[in-house]
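> Here you go, this is data-v5.txt (compact mmCIF, N, CA, C and O atoms).
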# COMPACT_ATOMS: atom_id res chain seq x y z
N PRO A 991 -5.47 -106.97 -2.91
CA PRO A 991 -5.51 -106.94 -1.45
C PRO A 991 -5.10 -105.59 -0.86
O PRO A 991 -5.47 -105.27 0.25
N THR A 992 -4.34 -104.78 -1.64
CA THR A 992 -3.94 -103.46 -1.15
C THR A 992 -4.43 -102.39 -2.11
O THR A 992 -4.79 -102.66 -3.26
N ARG A 993 -4.43 -101.18 -1.60
CA ARG A 993 -4.95 -100.07 -2.38
C ARG A 993 -4.14 -98.82 -2.05
O ARG A 993 -3.76 -98.61 -0.90
N ARG A 994 -3.91 -97.97 -3.06
CA ARG A 994 -3.22 -96.71 -2.80
C ARG A 994 -4.22 -95.69 -2.29
O ARG A 994 -5.31 -95.53 -2.83
N LEU A 995 -3.82 -95.00 -1.25
CA LEU A 995 -4.62 -93.93 -0.66
C LEU A 995 -3.94 -92.61 -0.99
O LEU A 995 -2.77 -92.42 -0.65
N ALA A 996 -4.63 -91.73 -1.69
CA ALA A 996 -4.07 -90.43 -2.06
C ALA A 996 -4.91 -89.33 -1.44
O ALA A 996 -6.12 -89.24 -1.68
N LEU A 997 -4.27 -88.51 -0.63
CA LEU A 997 -4.94 -87.39 0.03
C LEU A 997 -4.24 -86.10 -0.34
O LEU A 997 -3.04 -86.09 -0.61
N THR A 998 -4.98 -84.99 -0.31
CA THR A 998 -4.41 -83.69 -0.57
C THR A 998 -4.63 -82.81 0.66
O THR A 998 -5.73 -82.77 1.20
N PHE A 999 -3.57 -82.13 1.06
CA PHE A 999 -3.63 -81.20 2.19
C PHE A 999 -3.11 -79.85 1.72
O PHE A 999 -2.21 -79.78 0.89
N THR A 1000 -3.68 -78.78 2.25
CA THR A 1000 -3.27 -77.44 1.85
C THR A 1000 -2.64 -76.69 3.01
O THR A 1000 -2.98 -76.92 4.18
N ALA A 1001 -1.76 -75.78 2.65
CA ALA A 1001 -1.12 -74.90 3.62
C ALA A 1001 -1.07 -73.50 3.01
O ALA A 1001 -1.12 -73.34 1.79
N ALA A 1002 -0.93 -72.52 3.87
CA ALA A 1002 -0.90 -71.13 3.41
C ALA A 1002 0.40 -70.84 2.67
O ALA A 1002 1.45 -71.44 2.96
N TYR A 1003 0.32 -69.93 1.71
CA TYR A 1003 1.54 -69.46 1.06
C TYR A 1003 2.46 -68.89 2.13
O TYR A 1003 2.01 -68.30 3.10
N GLY A 1004 3.75 -69.10 1.95
CA GLY A 1004 4.72 -68.64 2.93
C GLY A 1004 5.11 -69.72 3.92
O GLY A 1004 6.05 -69.57 4.68
N THR A 1005 4.39 -70.83 3.90
CA THR A 1005 4.71 -71.95 4.79
C THR A 1005 5.94 -72.67 4.27
O THR A 1005 6.10 -72.85 3.06
N ASP A 1006 6.80 -73.10 5.17
CA ASP A 1006 8.00 -73.85 4.81
C ASP A 1006 7.59 -75.21 4.24
O ASP A 1006 6.99 -76.03 4.94
N VAL A 1007 7.90 -75.44 2.98
CA VAL A 1007 7.50 -76.67 2.28
C VAL A 1007 8.07 -77.90 2.98
O VAL A 1007 7.37 -78.89 3.18
N GLU A 1008 9.33 -77.84 3.36
CA GLU A 1008 9.95 -79.00 4.02
C GLU A 1008 9.30 -79.29 5.36
O GLU A 1008 9.18 -80.46 5.75
N LYS A 1009 8.86 -78.26 6.07
CA LYS A 1009 8.18 -78.46 7.35
C LYS A 1009 6.88 -79.23 7.15
O LYS A 1009 6.58 -80.17 7.89
N VAL A 1010 6.10 -78.85 6.14
CA VAL A 1010 4.84 -79.54 5.86
C VAL A 1010 5.12 -81.00 5.50
O VAL A 1010 4.44 -81.91 6.00
N LYS A 1011 6.11 -81.23 4.67
CA LYS A 1011 6.44 -82.60 4.26
C LYS A 1011 6.85 -83.45 5.47
O LYS A 1011 6.44 -84.60 5.60
N LYS A 1012 7.62 -82.88 6.37
CA LYS A 1012 8.04 -83.61 7.57
C LYS A 1012 6.86 -83.93 8.47
O LYS A 1012 6.75 -85.04 9.01
N VAL A 1013 5.97 -82.96 8.66
CA VAL A 1013 4.79 -83.18 9.51
C VAL A 1013 3.92 -84.28 8.93
O VAL A 1013 3.49 -85.19 9.65
N LEU A 1014 3.64 -84.24 7.63
CA LEU A 1014 2.80 -85.26 7.01
C LEU A 1014 3.48 -86.63 7.02
O LEU A 1014 2.82 -87.66 7.23
N THR A 1015 4.78 -86.66 6.84
CA THR A 1015 5.51 -87.93 6.89
C THR A 1015 5.42 -88.54 8.29
O THR A 1015 5.23 -89.75 8.44
N LYS A 1016 5.52 -87.70 9.32
CA LYS A 1016 5.39 -88.20 10.70
C LYS A 1016 3.99 -88.78 10.95
O LYS A 1016 3.84 -89.78 11.65
N VAL A 1017 2.98 -88.14 10.38
CA VAL A 1017 1.61 -88.65 10.53
C VAL A 1017 1.51 -90.04 9.90
O VAL A 1017 0.95 -90.97 10.49
N LEU A 1018 2.07 -90.19 8.71
CA LEU A 1018 2.07 -91.51 8.06
C LEU A 1018 2.88 -92.52 8.85
O LEU A 1018 2.45 -93.67 9.03
N ASP A 1019 4.05 -92.13 9.31
CA ASP A 1019 4.91 -93.03 10.08
C ASP A 1019 4.19 -93.57 11.32
O ASP A 1019 4.40 -94.71 11.71
N ALA A 1020 3.37 -92.75 11.92
CA ALA A 1020 2.73 -93.11 13.19
C ALA A 1020 1.50 -93.99 13.03
O ALA A 1020 1.05 -94.61 14.00
N HIS A 1021 0.94 -94.05 11.83
CA HIS A 1021 -0.31 -94.82 11.68
C HIS A 1021 0.00 -96.31 11.50
O HIS A 1021 0.69 -96.70 10.56
N PRO A 1022 -0.56 -97.15 12.37
CA PRO A 1022 -0.24 -98.58 12.31
C PRO A 1022 -0.81 -99.33 11.10
O PRO A 1022 -0.30 -100.40 10.76
N LYS A 1023 -1.83 -98.77 10.45
CA LYS A 1023 -2.45 -99.48 9.33
C LYS A 1023 -1.90 -99.07 7.96
O LYS A 1023 -2.28 -99.64 6.95
N VAL A 1024 -1.02 -98.07 7.94
CA VAL A 1024 -0.34 -97.71 6.69
C VAL A 1024 0.70 -98.79 6.41
O VAL A 1024 1.41 -99.22 7.32
N LEU A 1025 0.77 -99.24 5.18
CA LEU A 1025 1.74 -100.27 4.81
C LEU A 1025 3.09 -99.59 4.55
O LEU A 1025 3.44 -99.24 3.42
N HIS A 1026 3.84 -99.41 5.62
CA HIS A 1026 5.10 -98.65 5.57
C HIS A 1026 6.12 -99.26 4.62
O HIS A 1026 6.88 -98.53 3.98
N GLU A 1027 6.15 -100.59 4.54
CA GLU A 1027 7.15 -101.25 3.70
C GLU A 1027 6.96 -100.95 2.21
O GLU A 1027 7.89 -101.13 1.42
N GLN A 1028 5.77 -100.49 1.83
CA GLN A 1028 5.53 -100.15 0.42
C GLN A 1028 5.89 -98.69 0.12
O GLN A 1028 5.79 -98.24 -1.01
N GLY A 1029 6.29 -97.97 1.14
CA GLY A 1029 6.70 -96.58 0.96
C GLY A 1029 5.54 -95.65 0.74
O GLY A 1029 4.40 -96.08 0.57
N TYR A 1030 5.82 -94.37 0.79
CA TYR A 1030 4.80 -93.36 0.51
C TYR A 1030 5.45 -92.10 -0.03
O TYR A 1030 6.65 -91.93 0.02
N THR A 1031 4.59 -91.27 -0.59
CA THR A 1031 5.03 -90.04 -1.22
C THR A 1031 4.37 -88.85 -0.54
O THR A 1031 3.15 -88.85 -0.35
N VAL A 1032 5.16 -87.86 -0.18
CA VAL A 1032 4.64 -86.60 0.33
C VAL A 1032 5.37 -85.51 -0.45
O VAL A 1032 6.57 -85.33 -0.28
N ARG A 1033 4.65 -84.83 -1.32
CA ARG A 1033 5.28 -83.83 -2.20
C ARG A 1033 4.37 -82.63 -2.39
O ARG A 1033 3.14 -82.74 -2.31
N LEU A 1034 4.99 -81.49 -2.69
CA LEU A 1034 4.24 -80.31 -3.09
C LEU A 1034 3.60 -80.64 -4.43
O LEU A 1034 4.27 -81.08 -5.36
N ASN A 1035 2.30 -80.44 -4.52
CA ASN A 1035 1.55 -80.87 -5.70
C ASN A 1035 1.12 -79.70 -6.58
O ASN A 1035 1.20 -79.78 -7.80
N GLU A 1036 0.61 -78.63 -5.97
CA GLU A 1036 0.08 -77.51 -6.75
C GLU A 1036 0.25 -76.19 -6.01
O GLU A 1036 0.30 -76.17 -4.79
N GLN A 1037 0.27 -75.14 -6.80
CA GLN A 1037 0.21 -73.79 -6.26
C GLN A 1037 -1.14 -73.21 -6.67
O GLN A 1037 -1.32 -72.82 -7.82
N ASN A 1038 -2.06 -73.21 -5.76
CA ASN A 1038 -3.42 -72.77 -6.06
C ASN A 1038 -3.58 -71.28 -5.79
O ASN A 1038 -2.65 -70.61 -5.36
N ASP A 1039 -4.78 -70.76 -6.01
CA ASP A 1039 -5.04 -69.34 -5.80
C ASP A 1039 -4.78 -68.90 -4.36
O ASP A 1039 -4.20 -67.86 -4.13
N SER A 1040 -5.22 -69.70 -3.40
CA SER A 1040 -5.14 -69.30 -2.00
C SER A 1040 -4.26 -70.20 -1.14
O SER A 1040 -4.18 -69.99 0.06
N ALA A 1041 -3.65 -71.21 -1.73
CA ALA A 1041 -2.91 -72.17 -0.92
C ALA A 1041 -1.93 -72.97 -1.77
O ALA A 1041 -2.04 -73.01 -2.99
N ILE A 1042 -1.00 -73.60 -1.08
CA ILE A 1042 -0.15 -74.60 -1.73
C ILE A 1042 -0.66 -75.97 -1.30
O ILE A 1042 -1.04 -76.17 -0.14
N SER A 1043 -0.73 -76.90 -2.23
CA SER A 1043 -1.31 -78.22 -1.98
C SER A 1043 -0.22 -79.28 -1.97
O SER A 1043 0.69 -79.25 -2.80
N PHE A 1044 -0.37 -80.21 -1.05
CA PHE A 1044 0.56 -81.32 -0.93
C PHE A 1044 -0.19 -82.63 -1.15
O PHE A 1044 -1.29 -82.82 -0.62
N VAL A 1045 0.40 -83.51 -1.93
CA VAL A 1045 -0.18 -84.83 -2.13
C VAL A 1045 0.50 -85.77 -1.16
O VAL A 1045 1.70 -85.68 -0.90
N CYS A 1046 -0.30 -86.65 -0.60
CA CYS A 1046 0.17 -87.60 0.40
C CYS A 1046 -0.34 -88.97 -0.04
O CYS A 1046 -1.54 -89.24 0.04
N ARG A 1047 0.56 -89.82 -0.54
CA ARG A 1047 0.16 -91.12 -1.08
C ARG A 1047 0.79 -92.24 -0.26
O ARG A 1047 1.98 -92.23 0.01
N SER A 1048 -0.05 -93.19 0.11
CA SER A 1048 0.44 -94.36 0.85
C SER A 1048 -0.39 -95.57 0.41
O SER A 1048 -1.34 -95.44 -0.36
N TYR A 1049 0.00 -96.72 0.91
CA TYR A 1049 -0.74 -97.95 0.60
C TYR A 1049 -1.32 -98.54 1.88
O TYR A 1049 -0.71 -98.45 2.95
N VAL A 1050 -2.51 -99.10 1.73
CA VAL A 1050 -3.23 -99.71 2.85
C VAL A 1050 -3.88 -101.00 2.37
O VAL A 1050 -4.07 -101.20 1.16
N ASN A 1051 -4.25 -101.85 3.29
CA ASN A 1051 -5.06 -103.02 2.94
C ASN A 1051 -6.45 -102.53 2.57
O ASN A 1051 -6.95 -101.54 3.15
N ASN A 1052 -7.09 -103.20 1.61
CA ASN A 1052 -8.42 -102.79 1.19
C ASN A 1052 -9.39 -102.62 2.36
O ASN A 1052 -10.15 -101.66 2.40
N ALA A 1053 -9.34 -103.54 3.29
CA ALA A 1053 -10.27 -103.50 4.42
C ALA A 1053 -10.04 -102.29 5.33
O ALA A 1053 -10.95 -101.87 6.04
N ASP A 1054 -8.86 -101.72 5.29
CA ASP A 1054 -8.51 -100.59 6.16
C ASP A 1054 -8.64 -99.23 5.49
O ASP A 1054 -8.41 -98.20 6.13
N TYR A 1055 -8.99 -99.22 4.22
CA TYR A 1055 -8.96 -97.98 3.43
C TYR A 1055 -9.68 -96.82 4.11
O TYR A 1055 -9.11 -95.77 4.34
N TRP A 1056 -10.95 -96.99 4.43
CA TRP A 1056 -11.73 -95.86 4.96
C TRP A 1056 -11.31 -95.47 6.37
O TRP A 1056 -11.30 -94.28 6.70
N ASP A 1057 -10.93 -96.44 7.18
CA ASP A 1057 -10.43 -96.09 8.52
C ASP A 1057 -9.19 -95.22 8.41
O ASP A 1057 -9.08 -94.19 9.08
N VAL A 1058 -8.25 -95.62 7.56
CA VAL A 1058 -7.02 -94.85 7.40
C VAL A 1058 -7.31 -93.50 6.75
O VAL A 1058 -6.76 -92.47 7.16
N TYR A 1059 -8.20 -93.47 5.78
CA TYR A 1059 -8.58 -92.23 5.11
C TYR A 1059 -9.03 -91.18 6.13
O TYR A 1059 -8.51 -90.07 6.17
N PHE A 1060 -9.99 -91.55 6.95
CA PHE A 1060 -10.52 -90.60 7.94
C PHE A 1060 -9.52 -90.31 9.05
O PHE A 1060 -9.40 -89.16 9.49
N ASP A 1061 -8.79 -91.31 9.49
CA ASP A 1061 -7.76 -91.10 10.52
C ASP A 1061 -6.72 -90.08 10.06
O ASP A 1061 -6.36 -89.16 10.81
N LEU A 1062 -6.22 -90.25 8.85
CA LEU A 1062 -5.18 -89.35 8.36
C LEU A 1062 -5.70 -87.93 8.19
O LEU A 1062 -4.97 -86.96 8.46
N GLN A 1063 -6.95 -87.78 7.77
CA GLN A 1063 -7.54 -86.44 7.66
C GLN A 1063 -7.52 -85.75 9.03
O GLN A 1063 -7.09 -84.60 9.17
N GLU A 1064 -7.99 -86.46 10.05
CA GLU A 1064 -8.07 -85.88 11.39
C GLU A 1064 -6.68 -85.65 11.99
O GLU A 1064 -6.42 -84.60 12.59
N GLN A 1065 -5.80 -86.61 11.82
CA GLN A 1065 -4.47 -86.51 12.41
C GLN A 1065 -3.64 -85.43 11.75
O GLN A 1065 -2.82 -84.76 12.40
N ALA A 1066 -3.82 -85.22 10.46
CA ALA A 1066 -3.07 -84.17 9.76
C ALA A 1066 -3.47 -82.79 10.27
O ALA A 1066 -2.61 -81.93 10.49
N ILE A 1067 -4.76 -82.57 10.48
CA ILE A 1067 -5.21 -81.27 11.00
C ILE A 1067 -4.61 -81.02 12.38
O ILE A 1067 -4.10 -79.94 12.66
N LYS A 1068 -4.64 -82.02 13.24
CA LYS A 1068 -4.06 -81.87 14.57
C LYS A 1068 -2.56 -81.61 14.49
O LYS A 1068 -2.03 -80.77 15.23
N ALA A 1069 -1.88 -82.31 13.59
CA ALA A 1069 -0.43 -82.12 13.44
C ALA A 1069 -0.11 -80.73 12.89
O ALA A 1069 0.86 -80.10 13.32
N PHE A 1070 -0.92 -80.23 11.96
CA PHE A 1070 -0.73 -78.88 11.44
C PHE A 1070 -0.92 -77.85 12.55
O PHE A 1070 -0.15 -76.90 12.66
N GLU A 1071 -1.95 -78.02 13.36
CA GLU A 1071 -2.19 -77.09 14.46
C GLU A 1071 -1.02 -77.09 15.43
O GLU A 1071 -0.55 -76.03 15.85
N LYS A 1072 -0.54 -78.26 15.78
CA LYS A 1072 0.58 -78.39 16.72
C LYS A 1072 1.85 -77.75 16.15
O LYS A 1072 2.61 -77.12 16.89
N ALA A 1073 2.08 -77.91 14.85
CA ALA A 1073 3.27 -77.36 14.20
C ALA A 1073 3.09 -75.90 13.77
O ALA A 1073 3.97 -75.32 13.16
N LYS A 1074 1.92 -75.34 14.06
CA LYS A 1074 1.59 -73.96 13.69
C LYS A 1074 1.65 -73.74 12.17
O LYS A 1074 2.16 -72.72 11.69
N ILE A 1075 1.12 -74.71 11.45
CA ILE A 1075 1.00 -74.60 9.99
C ILE A 1075 -0.41 -74.12 9.71
O ILE A 1075 -1.39 -74.76 10.08
N GLU A 1076 -0.51 -72.98 9.06
CA GLU A 1076 -1.81 -72.37 8.79
C GLU A 1076 -2.53 -73.11 7.67
O GLU A 1076 -1.97 -73.35 6.60
N ILE A 1077 -3.79 -73.47 7.94
CA ILE A 1077 -4.65 -74.06 6.91
C ILE A 1077 -5.46 -72.91 6.32
O ILE A 1077 -6.25 -72.28 7.02
N PRO A 1078 -5.26 -72.60 5.05
CA PRO A 1078 -5.87 -71.41 4.47
C PRO A 1078 -7.35 -71.60 4.12
O PRO A 1078 -7.86 -72.71 4.07
N PHE A 1079 -7.97 -70.47 3.90
CA PHE A 1079 -9.35 -70.45 3.42
C PHE A 1079 -9.44 -69.34 2.39
O PHE A 1079 -8.63 -68.41 2.38
N ASN A 1080 -10.41 -69.45 1.51
CA ASN A 1080 -10.57 -68.43 0.47
C ASN A 1080 -10.92 -67.09 1.10
O ASN A 1080 -11.73 -67.02 2.03
N GLN A 1081 -10.30 -66.05 0.58
CA GLN A 1081 -10.56 -64.70 1.05
C GLN A 1081 -10.77 -63.78 -0.14
O GLN A 1081 -10.21 -64.02 -1.21
N LEU A 1082 -11.54 -62.75 0.09
CA LEU A 1082 -11.78 -61.78 -0.96
C LEU A 1082 -11.70 -60.41 -0.32
O LEU A 1082 -12.41 -60.11 0.64
N ASP A 1083 -10.80 -59.57 -0.83
CA ASP A 1083 -10.69 -58.18 -0.35
C ASP A 1083 -11.51 -57.31 -1.27
O ASP A 1083 -11.35 -57.36 -2.50
N VAL A 1084 -12.36 -56.51 -0.68
CA VAL A 1084 -13.21 -55.60 -1.44
C VAL A 1084 -12.87 -54.17 -1.02
O VAL A 1084 -12.89 -53.84 0.16
N ASN A 1085 -12.53 -53.33 -2.01
CA ASN A 1085 -12.25 -51.92 -1.76
C ASN A 1085 -13.37 -51.11 -2.38
O ASN A 1085 -13.68 -51.25 -3.56
N ILE A 1086 -13.97 -50.25 -1.57
CA ILE A 1086 -15.08 -49.43 -2.04
C ILE A 1086 -14.55 -48.01 -2.28
O ILE A 1086 -13.97 -47.41 -1.39
N LYS A 1087 -14.76 -47.53 -3.50
CA LYS A 1087 -14.34 -46.17 -3.85
C LYS A 1087 -15.57 -45.31 -3.99
O LYS A 1087 -16.57 -45.71 -4.57
N LYS A 1088 -15.47 -44.12 -3.45
CA LYS A 1088 -16.60 -43.19 -3.55
C LYS A 1088 -16.48 -42.35 -4.78
O LYS A 1088 -15.50 -41.98 -5.26
Show this structure as structure tokens.

Amino acid sequence: PTRRLALTFTAAYGTDVEKVKKVLTKVLDAHPKVLHEQGYTVRLNEQNDSAISFVCRSYVNNADYWDVYFDLQEQAIKAFEKAKIEIPFNQLDVNIKK
């Protein structure tokens, strides 16, 4: 009847890890279809080439899975923007020598 929802969010290097965890936890706390009593995990997951990744795991009812999936994606971006957390993108510096 329930299912674990695991999402990954990235932030730029130099971002305060605890700040990201607090922002994502608030997003989960605010969603009415997240099964709060089952708890959730928000942790630093990886250090990638261009970003640090956070895993965000919660539980939802099977019928609510996709609604919560898309809601959390949208709400996390808005929360990152409001908290001034930079969402990175791949960059390549090219130096031309003559």
> Can you pull out every residue within 8 Å of Phe1070 of chain A, counting only N, CA, C and O atoms, but drop anything in the same chain fewer than 4 positions away, and send it as a PyMOL selection string?
chain A and resi 1000+1010+1013-1014+1064-1066+1074-1077
> Calculate how many Å separate atom CA of Lys1012 of chain A from atom CA of Gln1081 of chain A, rounding to one decimal.
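Computed distance, atom CA of Lys1012 of chain A to atom CA of Gln1081 of chain A, equals 27.3 Å.
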> Determine which residues of chain A DSSP labels as strand (DSSP E or B) from the backbone of this structure, then write them out as a ChimeraX atom specification.
/A:992-1001,1024,1031-1037,1042-1051
> Would you work out the distance separating atom CA of Leu995 of chain A from atom CA of Lys1011 of chain A, expressed in Å to one decimal?
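Result for atom CA of Leu995 of chain A versus atom CA of Lys1011 of chain A: 16.6 Å, one decimal.
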> One decimal, in Å: what's the spacing between atom O of His1026 of chain A and atom CA of Asp1061 of chain A?
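Here the two named atoms are 17.7 Å from each other.
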> At a cut-off of 8 Å from (-6.7, -71.2, 1.9) in the coordinates of the file, what residues are picked up using only N, CA, C and O atoms, written as a count of residues only?
14
> Scan for residues within 9 Å of the point (-7.9, -90.9, -1.4) in the coordinates of the file, using only C-alpha atoms, and reply as a PDB file with N, CA, C and O atoms, in the frame of the given file.

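Result file part.pdb:
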ATOM      1  N   ARG A 994      -3.910 -97.970  -3.060  1.00  0.00           N
ATOM      2  CA  ARG A 994      -3.220 -96.710  -2.800  1.00  0.00           C
ATOM      3  C   ARG A 994      -4.220 -95.690  -2.290  1.00  0.00           C
ATOM      4  O   ARG A 994      -5.310 -95.530  -2.830  1.00  0.00           O
ATOM      5  N   LEU A 995      -3.820 -95.000  -1.250  1.00  0.00           N
ATOM      6  CA  LEU A 995      -4.620 -93.930  -0.660  1.00  0.00           C
ATOM      7  C   LEU A 995      -3.940 -92.610  -0.990  1.00  0.00           C
ATOM      8  O   LEU A 995      -2.770 -92.420  -0.650  1.00  0.00           O
ATOM      9  N   ALA A 996      -4.630 -91.730  -1.690  1.00  0.00           N
ATOM     10  CA  ALA A 996      -4.070 -90.430  -2.060  1.00  0.00           C
ATOM     11  C   ALA A 996      -4.910 -89.330  -1.440  1.00  0.00           C
ATOM     12  O   ALA A 996      -6.120 -89.240  -1.680  1.00  0.00           O
ATOM     13  N   LEU A 997      -4.270 -88.510  -0.630  1.00  0.00           N
ATOM     14  CA  LEU A 997      -4.940 -87.390   0.030  1.00  0.00           C
ATOM     15  C   LEU A 997      -4.240 -86.100  -0.340  1.00  0.00           C
ATOM     16  O   LEU A 997      -3.040 -86.090  -0.610  1.00  0.00           O
ATOM     17  N   THR A 998      -4.980 -84.990  -0.310  1.00  0.00           N
ATOM     18  CA  THR A 998      -4.410 -83.690  -0.570  1.00  0.00           C
ATOM     19  C   THR A 998      -4.630 -82.810   0.660  1.00  0.00           C
ATOM     20  O   THR A 998      -5.730 -82.770   1.200  1.00  0.00           O
ATOM     21  N   CYS A1046      -0.300 -86.650  -0.600  1.00  0.00           N
ATOM     22  CA  CYS A1046       0.170 -87.600   0.400  1.00  0.00           C
ATOM     23  C   CYS A1046      -0.340 -88.970  -0.040  1.00  0.00           C
ATOM     24  O   CYS A1046      -1.540 -89.240   0.040  1.00  0.00           O
ATOM     25  N   ARG A1047       0.560 -89.820  -0.540  1.00  0.00           N
ATOM     26  CA  ARG A1047       0.160 -91.120  -1.080  1.00  0.00           C
ATOM     27  C   ARG A1047       0.790 -92.240  -0.260  1.00  0.00           C
ATOM     28  O   ARG A1047       1.980 -92.230   0.010  1.00  0.00           O
ATOM     29  N   TYR A1055      -8.990 -99.220   4.220  1.00  0.00           N
ATOM     30  CA  TYR A1055      -8.960 -97.980   3.430  1.00  0.00           C
ATOM     31  C   TYR A1055      -9.680 -96.820   4.110  1.00  0.00           C
ATOM     32  O   TYR A1055      -9.110 -95.770   4.340  1.00  0.00           O
ATOM     33  N   TRP A1056     -10.950 -96.990   4.430  1.00  0.00           N
ATOM     34  CA  TRP A1056     -11.730 -95.860   4.960  1.00  0.00           C
ATOM     35  C   TRP A1056     -11.310 -95.470   6.370  1.00  0.00           C
ATOM     36  O   TRP A1056     -11.300 -94.280   6.700  1.00  0.00           O
ATOM     37  N   TYR A1059      -8.200 -93.470   5.780  1.00  0.00           N
ATOM     38  CA  TYR A1059      -8.580 -92.230   5.110  1.00  0.00           C
ATOM     39  C   TYR A1059      -9.030 -91.180   6.130  1.00  0.00           C
ATOM     40  O   TYR A1059      -8.510 -90.070   6.170  1.00  0.00           O
TER      41      TYR A1059
END
> Give me every alpha helix (DSSP H) residue in segment 1003-1080 of chain A, going by DSSP on the backbone, as a ChimeraX atom specification.
/A:1007-1020,1055-1072
> Would you mind listing what lies within 8 Å of Gln1028 of chain A as a ChimeraX atom specification, with only N, CA, C and O atoms counted and same-chain residues fewer than 4 positions away left out?
/A:1024,1047-1049
> From the set A:Val1050, A:Ile1067, A:Val1007, A:Val1058, which residue has the shortest atom-to-atom contact distance to Gly1029 of chain A, counting all atoms listed in the file?
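Smallest separation from Gly1029 of chain A among the options: A:Val1050.
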> Using all atoms listed in the file, determine which residues lie at most 5 Å from segment 1051-1053 of chain A, disregarding the query and same-chain residues fewer than 4 positions distant; provide the list as a PDB file with N, CA, C and O atoms, in the coordinates of the input.

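The file below, result01.pdb, is the result:
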ATOM      1  N   PRO A 991      -5.470-106.970  -2.910  1.00  0.00           N
ATOM      2  CA  PRO A 991      -5.510-106.940  -1.450  1.00  0.00           C
ATOM      3  C   PRO A 991      -5.100-105.590  -0.860  1.00  0.00           C
ATOM      4  O   PRO A 991      -5.470-105.270   0.250  1.00  0.00           O
ATOM      5  N   THR A 992      -4.340-104.780  -1.640  1.00  0.00           N
ATOM      6  CA  THR A 992      -3.940-103.460  -1.150  1.00  0.00           C
ATOM      7  C   THR A 992      -4.430-102.390  -2.110  1.00  0.00           C
ATOM      8  O   THR A 992      -4.790-102.660  -3.260  1.00  0.00           O
ATOM      9  N   ARG A 993      -4.430-101.180  -1.600  1.00  0.00           N
ATOM     10  CA  ARG A 993      -4.950-100.070  -2.380  1.00  0.00           C
ATOM     11  C   ARG A 993      -4.140 -98.820  -2.050  1.00  0.00           C
ATOM     12  O   ARG A 993      -3.760 -98.610  -0.900  1.00  0.00           O
ATOM     13  N   LYS A1023      -1.830 -98.770  10.450  1.00  0.00           N
ATOM     14  CA  LYS A1023      -2.450 -99.480   9.330  1.00  0.00           C
ATOM     15  C   LYS A1023      -1.900 -99.070   7.960  1.00  0.00           C
ATOM     16  O   LYS A1023      -2.280 -99.640   6.950  1.00  0.00           O
TER      17      LYS A1023
END
